[in-house]
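Shown next: final.txt, given as compact mmCIF, C-alpha atoms and all ligand atoms.
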```txt
# COMPACT_ATOMS: atom_id res chain seq x y z
CA MET A 1 -18.12 2.80 -8.25
CA ASN A 2 -20.99 1.45 -6.14
CA SER A 3 -23.22 3.93 -4.28
CA THR A 4 -21.91 2.97 -0.81
CA ILE A 5 -18.40 3.96 -1.86
CA SER A 6 -19.40 7.11 -3.74
CA ASP A 7 -21.08 8.36 -0.52
CA ALA A 8 -18.09 7.45 1.67
CA PRO A 9 -15.68 10.14 2.91
CA VAL A 10 -12.54 10.84 0.87
CA MET A 11 -9.64 9.01 2.53
CA LEU A 12 -6.85 10.03 0.15
CA SER A 13 -6.65 13.07 -2.09
CA CYS A 14 -3.82 14.29 -4.32
CA GLN A 15 -3.96 17.58 -6.18
CA GLY A 16 -1.37 18.84 -8.65
CA LEU A 17 1.03 16.13 -7.51
CA THR A 18 4.37 16.57 -9.26
CA ARG A 19 7.71 14.81 -8.82
CA VAL A 20 10.72 15.92 -10.79
CA TYR A 21 14.03 14.07 -10.35
CA SER A 22 16.86 16.56 -10.78
CA GLU A 23 19.79 14.26 -10.03
CA GLY A 24 20.73 13.42 -13.64
CA PRO A 25 22.01 15.70 -16.43
CA GLN A 26 18.38 16.53 -17.32
CA ASP A 27 15.35 17.00 -15.10
CA LEU A 28 12.96 14.04 -15.27
CA THR A 29 9.29 14.84 -14.62
CA VAL A 30 7.83 11.52 -13.50
CA LEU A 31 4.52 12.77 -12.06
CA ASP A 32 3.00 15.84 -13.66
CA ARG A 33 0.19 17.64 -11.78
CA LEU A 34 -1.53 14.36 -11.06
CA THR A 35 -4.96 14.16 -9.41
CA LEU A 36 -6.24 11.20 -7.37
CA GLU A 37 -9.12 10.69 -4.97
CA VAL A 38 -9.78 7.44 -3.10
CA ARG A 39 -12.74 7.01 -0.76
CA ALA A 40 -13.01 4.98 2.44
CA GLY A 41 -13.60 1.34 1.56
CA GLU A 42 -12.52 1.80 -2.05
CA ARG A 43 -9.84 -0.33 -3.72
CA VAL A 44 -7.93 1.26 -6.59
CA ALA A 45 -5.41 -0.50 -8.79
CA ILE A 46 -2.62 1.50 -10.43
CA VAL A 47 -1.15 -0.01 -13.57
CA GLY A 48 1.41 1.33 -16.04
CA SER A 49 4.51 0.35 -17.94
CA SER A 50 7.87 -0.09 -16.24
CA GLY A 51 9.35 3.31 -15.41
CA SER A 52 6.00 5.12 -15.61
CA GLY A 53 6.31 6.25 -11.98
CA LYS A 54 4.17 3.83 -9.97
CA THR A 55 6.71 3.35 -7.18
CA THR A 56 7.40 7.09 -7.15
CA LEU A 57 3.68 7.70 -6.63
CA LEU A 58 3.38 5.07 -3.89
CA ASN A 59 6.35 6.59 -2.05
CA LEU A 60 4.73 10.04 -2.15
CA LEU A 61 1.39 8.67 -0.94
CA GLY A 62 3.11 6.99 2.00
CA GLY A 63 5.15 10.08 2.88
CA LEU A 64 8.41 8.23 2.17
CA ASP A 65 9.33 10.93 -0.35
CA ARG A 66 8.28 14.58 -0.71
CA PRO A 67 6.64 15.94 -3.89
CA SER A 68 8.26 18.70 -5.97
CA ASP A 69 4.82 20.34 -6.02
CA GLY A 70 1.21 19.59 -5.13
CA SER A 71 -0.40 17.93 -2.13
CA VAL A 72 -1.17 14.57 -0.56
CA VAL A 73 -3.98 14.63 1.99
CA ILE A 74 -4.83 11.48 3.97
CA ALA A 75 -7.77 11.32 6.37
CA GLY A 76 -7.94 15.12 6.19
CA GLU A 77 -4.26 15.64 7.09
CA SER A 78 -1.88 17.22 4.59
CA LEU A 79 1.44 15.33 4.69
CA ALA A 80 3.33 18.52 3.77
CA GLY A 81 2.42 19.98 7.16
CA LEU A 82 4.05 17.13 9.13
CA ASN A 83 7.69 17.04 10.17
CA GLU A 84 9.51 13.68 10.05
CA THR A 85 8.59 12.70 13.63
CA ARG A 86 4.91 13.51 13.20
CA LEU A 87 4.95 11.84 9.79
CA GLY A 88 6.27 8.66 11.46
CA HIS A 89 3.41 8.71 13.99
CA PHE A 90 0.91 9.48 11.25
CA ARG A 91 2.10 6.56 9.13
CA ASN A 92 1.91 4.19 12.08
CA ARG A 93 -1.62 5.38 12.88
CA TYR A 94 -3.18 5.55 9.41
CA ILE A 95 -1.15 3.72 6.76
CA GLY A 96 -0.25 0.08 6.13
CA PHE A 97 2.52 -0.70 3.65
CA VAL A 98 3.18 -3.84 1.65
CA TYR A 99 6.27 -3.38 -0.48
CA GLN A 100 8.01 -5.77 -2.84
CA PHE A 101 10.97 -5.97 -0.48
CA HIS A 102 9.03 -6.63 2.66
CA HIS A 103 11.73 -5.57 5.14
CA LEU A 104 10.85 -8.09 7.81
CA LEU A 105 13.25 -8.09 10.76
CA ALA A 106 15.45 -11.18 10.42
CA GLU A 107 15.90 -11.84 14.15
CA PHE A 108 12.15 -11.60 14.93
CA SER A 109 9.58 -14.36 14.45
CA ALA A 110 6.66 -13.97 12.04
CA LEU A 111 4.45 -13.20 15.05
CA GLU A 112 6.82 -10.56 16.44
CA ASN A 113 7.17 -8.96 13.01
CA ALA A 114 3.40 -8.82 12.54
CA ALA A 115 2.90 -7.37 16.04
CA LEU A 116 5.63 -4.73 15.70
CA PRO A 117 3.48 -1.78 14.50
CA LEU A 118 1.27 -2.22 17.58
CA ILE A 119 4.28 -2.41 19.93
CA ILE A 120 5.65 0.78 18.32
CA ARG A 121 2.27 2.34 19.00
CA GLY A 122 2.66 1.48 22.67
CA GLN A 123 0.41 -1.54 22.97
CA ARG A 124 1.36 -4.26 25.46
CA LYS A 125 3.21 -7.22 23.91
CA LYS A 126 0.61 -9.78 24.93
CA GLU A 127 -2.31 -7.85 23.44
CA ALA A 128 -0.32 -6.94 20.32
CA GLU A 129 0.63 -10.57 19.72
CA LYS A 130 -2.95 -11.75 20.26
CA ARG A 131 -4.19 -9.38 17.57
CA ALA A 132 -1.23 -10.25 15.28
CA MET A 133 -1.96 -13.97 15.66
CA GLY A 134 -5.56 -13.35 14.55
CA ILE A 135 -4.36 -11.65 11.34
CA LEU A 136 -1.69 -14.31 10.73
CA GLU A 137 -4.44 -16.90 10.94
CA ARG A 138 -6.45 -15.02 8.31
CA VAL A 139 -3.50 -15.05 5.89
CA GLY A 140 -2.91 -18.77 6.57
CA MET A 141 0.30 -18.26 8.58
CA LYS A 142 -0.73 -19.23 12.12
CA ALA A 143 1.17 -22.54 12.01
CA ARG A 144 4.38 -20.72 10.97
CA ALA A 145 4.06 -17.88 13.50
CA ASP A 146 7.17 -18.91 15.46
CA HIS A 147 9.44 -19.03 12.42
CA LYS A 148 11.91 -16.31 11.52
CA PRO A 149 11.83 -14.78 8.00
CA GLY A 150 14.92 -16.79 6.97
CA GLU A 151 12.96 -19.99 7.62
CA LEU A 152 9.99 -18.93 5.46
CA SER A 153 9.39 -19.05 1.71
CA GLY A 154 9.06 -15.85 -0.34
CA GLY A 155 5.28 -16.18 -0.43
CA GLU A 156 5.11 -16.84 3.33
CA ARG A 157 7.24 -13.76 4.03
CA GLN A 158 4.90 -11.77 1.79
CA ARG A 159 1.92 -12.96 3.83
CA VAL A 160 3.63 -11.92 7.09
CA ALA A 161 4.27 -8.50 5.53
CA ILE A 162 0.59 -8.27 4.61
CA ALA A 163 -0.40 -9.23 8.18
CA ARG A 164 1.97 -6.56 9.54
CA ALA A 165 0.39 -3.94 7.23
CA LEU A 166 -3.14 -4.81 8.33
CA VAL A 167 -2.56 -5.38 12.06
CA THR A 168 -3.15 -1.73 13.01
CA ASP A 169 -6.49 -1.60 11.19
CA PRO A 170 -5.18 1.21 8.95
CA SER A 171 -7.33 3.72 7.06
CA LEU A 172 -5.21 3.36 3.93
CA VAL A 173 -3.15 0.42 2.70
CA LEU A 174 -0.49 0.95 0.03
CA MET A 175 0.60 -2.18 -1.80
CA ASP A 176 3.31 -2.76 -4.39
CA GLU A 177 2.72 -6.07 -6.22
CA PRO A 178 1.16 -7.69 -3.11
CA THR A 179 0.54 -11.05 -4.77
CA GLY A 180 3.77 -11.11 -6.79
CA ASN A 181 5.28 -14.10 -4.95
CA LEU A 182 2.08 -15.98 -4.28
CA ASP A 183 0.50 -18.96 -6.00
CA GLN A 184 -3.06 -18.57 -7.26
CA ALA A 185 -4.75 -20.13 -4.23
CA THR A 186 -2.81 -18.02 -1.70
CA ALA A 187 -3.32 -14.88 -3.82
CA GLY A 188 -7.04 -15.70 -3.71
CA THR A 189 -6.94 -15.82 0.11
CA ILE A 190 -5.28 -12.41 0.21
CA LEU A 191 -7.85 -10.95 -2.20
CA THR A 192 -10.68 -12.24 -0.02
CA LEU A 193 -9.06 -10.74 3.07
CA MET A 194 -8.72 -7.38 1.29
CA ASP A 195 -12.40 -7.51 0.28
CA GLU A 196 -13.40 -8.24 3.87
CA LEU A 197 -11.28 -5.43 5.29
CA ALA A 198 -12.50 -2.91 2.73
CA SER A 199 -16.10 -3.61 3.70
CA GLU A 200 -15.60 -4.33 7.44
CA SER A 201 -13.40 -1.39 8.35
CA ALA A 202 -13.79 0.94 5.32
CA CYS A 203 -10.09 0.61 4.68
CA ALA A 204 -8.97 2.20 1.36
CA PHE A 205 -6.44 0.36 -0.81
CA VAL A 206 -4.05 1.65 -3.48
CA ILE A 207 -2.46 -1.31 -5.21
CA VAL A 208 0.31 -1.07 -7.76
CA THR A 209 0.39 -4.16 -9.94
CA HIS A 210 1.32 -5.67 -13.28
CA ASP A 211 -1.16 -8.51 -12.65
CA PRO A 212 -4.30 -7.97 -14.80
CA ALA A 213 -6.37 -10.35 -12.64
CA LEU A 214 -5.48 -8.49 -9.44
CA ALA A 215 -6.19 -5.13 -11.12
CA ALA A 216 -9.54 -6.30 -12.49
CA HIS A 217 -10.59 -7.38 -8.99
CA GLN A 218 -10.44 -3.80 -7.66
CA ASP A 219 -13.18 -1.13 -7.76
CA ARG A 220 -11.25 1.05 -10.23
CA VAL A 221 -8.20 0.64 -12.42
CA LEU A 222 -6.08 3.71 -13.17
CA ARG A 223 -3.25 3.75 -15.68
CA LEU A 224 -0.23 5.92 -14.99
CA ASP A 225 0.90 7.42 -18.27
CA ALA A 226 2.98 10.52 -19.05
CA GLY A 227 2.82 11.59 -15.40
CA LYS A 228 -0.96 11.46 -15.07
CA LEU A 229 -3.56 8.90 -13.99
CA LEU A 230 -6.18 7.89 -16.54
CA GLU A 231 -9.29 5.90 -15.73
CA GLN A 232 -9.00 2.56 -17.51
CA GLU A 233 -12.06 1.27 -19.35
CA ARG A 234 -13.22 -2.10 -18.05
CA ALA A 235 -13.73 -5.04 -20.33
CA PRO A 236 -17.40 -6.08 -20.18
CA ALA A 237 -17.93 -8.87 -17.61
N1 LIG A 301 15.79 8.61 -7.06
C1 LIG A 301 15.66 8.74 -8.39
N2 LIG A 301 16.46 9.60 -9.07
C2 LIG A 301 16.33 9.75 -10.41
N3 LIG A 301 15.42 9.08 -11.16
C3 LIG A 301 14.62 8.21 -10.55
C4 LIG A 301 14.70 7.98 -9.14
N4 LIG A 301 13.75 7.04 -8.81
C5 LIG A 301 13.13 6.70 -9.96
N5 LIG A 301 13.66 7.40 -11.01
C6 LIG A 301 13.22 7.32 -12.41
O1 LIG A 301 11.83 7.69 -12.44
C7 LIG A 301 11.11 6.88 -13.35
C8 LIG A 301 9.95 6.20 -12.64
O2 LIG A 301 10.47 5.21 -11.74
P1 LIG A 301 9.53 4.30 -10.85
O3 LIG A 301 10.39 3.37 -10.07
O4 LIG A 301 8.59 5.16 -10.09
O5 LIG A 301 8.71 3.49 -11.99
P2 LIG A 301 7.74 2.23 -11.88
O6 LIG A 301 6.53 2.56 -12.70
O7 LIG A 301 7.52 1.88 -10.46
O8 LIG A 301 8.58 1.10 -12.60
P3 LIG A 301 8.57 -0.53 -12.42
O9 LIG A 301 7.22 -1.01 -12.90
O10 LIG A 301 9.68 -0.95 -13.34
O11 LIG A 301 8.84 -0.82 -10.97
C9 LIG A 301 12.11 5.93 -13.98
O12 LIG A 301 12.53 6.47 -15.22
C10 LIG A 301 13.27 5.91 -12.96
O13 LIG A 301 14.50 5.67 -13.62
```
Encoded form using structure tokens:
Amino acid sequence: MNSTISDAPVMLSCQGLTRVYSEGPQDLTVLDRLTLEVRAGERVAIVGSSGSGKTTLLNLLGGLDRPSDGSVVIAGESLAGLNETRLGHFRNRYIGFVYQFHHLLAEFSALENAALPLIIRGQRKKEAEKRAMGILERVGMKARADHKPGELSGGERQRVAIARALVTDPSLVLMDEPTGNLDQATAGTILTLMDELASESACAFVIVTHDPALAAHQDRVLRLDAGKLLEQERAPA
């Protein structure tokens, strides 16, 4: 970790984080007293085999699911203390999500989709769309801004979802395979944008990925194994 990041405030902290699924015939402990700390401006990749619990972890970090035990604290706020309404406001204010299924609204244009978090926050449409257009330009989607998701390719939809996640200037961005649908050149554009945001606005990133190149590009790589996160040794450059 470079010294600027190690001095930065903690943006995300998990202590004793545990998730047990009790729906089946046997309890399944997917996360087992896991610890995680991510600082402002830091980008952390989470890797691990299929079924190791990466999506489960991401859902807990984003407050989309509640832990069986332990805490998630983001920007000093413990998610356990927030009811669903306040959690919704908190998410809109602090967290950007990029999920594999990007959940763009089919009847809205790329621009309207990207502007939506700002509209929800109460910003005027014109201002929201101006800001959204700026981000769409940075992900190479300005020329397609008027198109609806059904008229876009998978990679283009992914870029709109990334623009939507970043439009609010969030403190923490949670990403699940963000470059999964993208060719190398477009993935490179997204990586550059993430680098810029991490340094410009001290945004913290937690990125779940199977892509070794994407993982290696981040400040730290953590492997999820047997319910815990282990620091992964880096290959020498
Ligand atoms: N709602 C649920 N109820 C019961 N078990 C679940 C539930 N969600 C996930 N699991 C189980 O928890 C384990 C972890 O699942 P999870 O989706 O978090 O893994 P993952 O690391 O994201 O996998 P992949 O890389 O394949 O997406 C799996 O064994 C899965 O079957």
**Asked** For A:Met194, which residue among A:Glu129, A:Arg43, A:Arg159, A:Leu230 is the nearest when counting only C-alpha atoms?
**Response** A:Arg43
Need the axis-aligned box for stretch 226-235 of chain A with 6 Å each side, so what are the centre and edges in Å to one decimal, as JSON?
```
{"center_x": -5.4, "center_y": 3.3, "center_z": -17.2, "size_x": 28.7, "size_y": 28.6, "size_z": 18.3}
```
At a cut-off of 12 Å, using only C-alpha atoms, what residues contact A:Asn59? Leave out same-chain residues fewer than 6 positions from it and give the result as a compact mmCIF listing (two decimals) with C-alpha atoms, keeping the file's coordinate frame.
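Writing done, so here's part.txt:
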```txt
# COMPACT_ATOMS: atom_id res chain seq x y z
CA ARG A 19 7.71 14.81 -8.82
CA LEU A 31 4.52 12.77 -12.06
CA GLY A 53 6.31 6.25 -11.98
CA ASP A 65 9.33 10.93 -0.35
CA ARG A 66 8.28 14.58 -0.71
CA PRO A 67 6.64 15.94 -3.89
CA VAL A 72 -1.17 14.57 -0.56
CA ARG A 91 2.10 6.56 9.13
CA ILE A 95 -1.15 3.72 6.76
CA PHE A 97 2.52 -0.70 3.65
CA VAL A 98 3.18 -3.84 1.65
CA TYR A 99 6.27 -3.38 -0.48
CA LEU A 174 -0.49 0.95 0.03
CA MET A 175 0.60 -2.18 -1.80
CA ASP A 176 3.31 -2.76 -4.39
CA VAL A 206 -4.05 1.65 -3.48
CA VAL A 208 0.31 -1.07 -7.76
```
**Prompt:** Taking (-11.5, -1.1, -6.9) in the file's coordinates as the center, which residues reach within 8 Å of it, counting only C-alpha atoms, put as a ChimeraX atom specification?
**Reply:** /A:1,42-45,215-221
**Message:** Any residue with an atom at most 7 Å from ligand LIG 301 (chain A) counts, using only C-alpha atoms and all ligand atoms. Which are they? Put them as a list in words.
**Reply:** Tyr21, Ser22, Glu23, Gly24, Leu28, Val30, Gly48, Ser49, Ser50, Gly51, Ser52, Gly53, Lys54, Thr55, Thr56 and Leu57 of chain A
Neighbour residues at most 10 Å from (5.2, -9.4, 14.7) (only C-alpha atoms) as an mmCIF file with C-alpha atoms, in the frame of the given file:
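Dumped everything to point_38.cif:
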```cif
data_model
loop_
_atom_site.group_PDB
_atom_site.id
_atom_site.type_symbol
_atom_site.label_atom_id
_atom_site.label_comp_id
_atom_site.auth_asym_id
_atom_site.auth_seq_id
_atom_site.Cartn_x
_atom_site.Cartn_y
_atom_site.Cartn_z
ATOM 1 C CA LEU A 104 10.850 -8.090 7.810
ATOM 2 C CA LEU A 105 13.250 -8.090 10.760
ATOM 3 C CA PHE A 108 12.150 -11.600 14.930
ATOM 4 C CA SER A 109 9.580 -14.360 14.450
ATOM 5 C CA ALA A 110 6.660 -13.970 12.040
ATOM 6 C CA LEU A 111 4.450 -13.200 15.050
ATOM 7 C CA GLU A 112 6.820 -10.560 16.440
ATOM 8 C CA ASN A 113 7.170 -8.960 13.010
ATOM 9 C CA ALA A 114 3.400 -8.820 12.540
ATOM 10 C CA ALA A 115 2.900 -7.370 16.040
ATOM 11 C CA LEU A 116 5.630 -4.730 15.700
ATOM 12 C CA PRO A 117 3.480 -1.780 14.500
ATOM 13 C CA LEU A 118 1.270 -2.220 17.580
ATOM 14 C CA ILE A 119 4.280 -2.410 19.930
ATOM 15 C CA LYS A 125 3.210 -7.220 23.910
ATOM 16 C CA ALA A 128 -0.320 -6.940 20.320
ATOM 17 C CA GLU A 129 0.630 -10.570 19.720
ATOM 18 C CA ARG A 131 -4.190 -9.380 17.570
ATOM 19 C CA ALA A 132 -1.230 -10.250 15.280
ATOM 20 C CA MET A 133 -1.960 -13.970 15.660
ATOM 21 C CA LEU A 136 -1.690 -14.310 10.730
ATOM 22 C CA ALA A 145 4.060 -17.880 13.500
ATOM 23 C CA ASP A 146 7.170 -18.910 15.460
ATOM 24 C CA VAL A 160 3.630 -11.920 7.090
ATOM 25 C CA ALA A 161 4.270 -8.500 5.530
ATOM 26 C CA ALA A 163 -0.400 -9.230 8.180
ATOM 27 C CA ARG A 164 1.970 -6.560 9.540
ATOM 28 C CA VAL A 167 -2.560 -5.380 12.060
#
```
**Asked** Restricting the calculation to only C-alpha atoms, which member of A:Ser78, A:Ser153, A:Thr18, A:Thr179 is positioned closest to A:Gly227?
**Response** A:Thr18
**Request:** Name the closest residue to A:Asp169 among the candidates A:Leu87, A:Ile135, A:Ala75, A:Ala106; distances are taken between atoms, counting all atoms listed in the file.
**Result:** A:Ile135
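Reported to one decimal place, the separation of atom CA of A:Arg86 from atom CA of A:Ala204 is 21.5 Å.
Atom CA of A:Asp32 is found 27.8 Å from atom CA of A:Gly180.
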Using all atoms listed in the file, which protein or nucleic acid residues come within 12 Å of A:Cys203? Drop anything in the same chain fewer than 5 positions from it, and give the result as an mmCIF file with C-alpha atoms, in the coordinates of the input.
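Once written, part_2.cif looks like this:
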```
data_model
loop_
_atom_site.group_PDB
_atom_site.id
_atom_site.type_symbol
_atom_site.label_atom_id
_atom_site.label_comp_id
_atom_site.auth_asym_id
_atom_site.auth_seq_id
_atom_site.Cartn_x
_atom_site.Cartn_y
_atom_site.Cartn_z
ATOM 1 C CA ILE A 5 -18.400 3.960 -1.860
ATOM 2 C CA ALA A 8 -18.090 7.450 1.670
ATOM 3 C CA PRO A 9 -15.680 10.140 2.910
ATOM 4 C CA VAL A 10 -12.540 10.840 0.870
ATOM 5 C CA MET A 11 -9.640 9.010 2.530
ATOM 6 C CA LEU A 12 -6.850 10.030 0.150
ATOM 7 C CA VAL A 38 -9.780 7.440 -3.100
ATOM 8 C CA ARG A 39 -12.740 7.010 -0.760
ATOM 9 C CA ALA A 40 -13.010 4.980 2.440
ATOM 10 C CA GLY A 41 -13.600 1.340 1.560
ATOM 11 C CA GLU A 42 -12.520 1.800 -2.050
ATOM 12 C CA ARG A 43 -9.840 -0.330 -3.720
ATOM 13 C CA VAL A 44 -7.930 1.260 -6.590
ATOM 14 C CA ALA A 75 -7.770 11.320 6.370
ATOM 15 C CA TYR A 94 -3.180 5.550 9.410
ATOM 16 C CA ILE A 95 -1.150 3.720 6.760
ATOM 17 C CA GLY A 96 -0.250 0.080 6.130
ATOM 18 C CA ALA A 165 0.390 -3.940 7.230
ATOM 19 C CA LEU A 166 -3.140 -4.810 8.330
ATOM 20 C CA THR A 168 -3.150 -1.730 13.010
ATOM 21 C CA ASP A 169 -6.490 -1.600 11.190
ATOM 22 C CA PRO A 170 -5.180 1.210 8.950
ATOM 23 C CA SER A 171 -7.330 3.720 7.060
ATOM 24 C CA LEU A 172 -5.210 3.360 3.930
ATOM 25 C CA VAL A 173 -3.150 0.420 2.700
ATOM 26 C CA LEU A 174 -0.490 0.950 0.030
ATOM 27 C CA LEU A 193 -9.060 -10.740 3.070
ATOM 28 C CA MET A 194 -8.720 -7.380 1.290
ATOM 29 C CA ASP A 195 -12.400 -7.510 0.280
ATOM 30 C CA GLU A 196 -13.400 -8.240 3.870
ATOM 31 C CA LEU A 197 -11.280 -5.430 5.290
ATOM 32 C CA ALA A 198 -12.500 -2.910 2.730
#
```
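Of the listed residues (A:Pro178, A:Gly188, A:Gly81, A:Gly154), A:Pro178 comes nearest to A:Phe205; the distances count only C-alpha atoms.
Between atom CA of A:Thr35 and atom CA of A:Ser13 the interatomic distance comes to 7.6 Å.
If only C-alpha atoms are the atoms counted, then among A:Asp69, A:Arg121, A:His210, A:Ile162 the closest residue to A:Leu224 is A:His210.
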**Prompt:** Near A:Cys14, counting all atoms listed in the file, which residues have an atom at most 8 Å away, once you skip same-chain residues fewer than 3 positions from it, shown as a PyMOL selection string?
**Reply:** chain A and resi 17+34-37+70-73
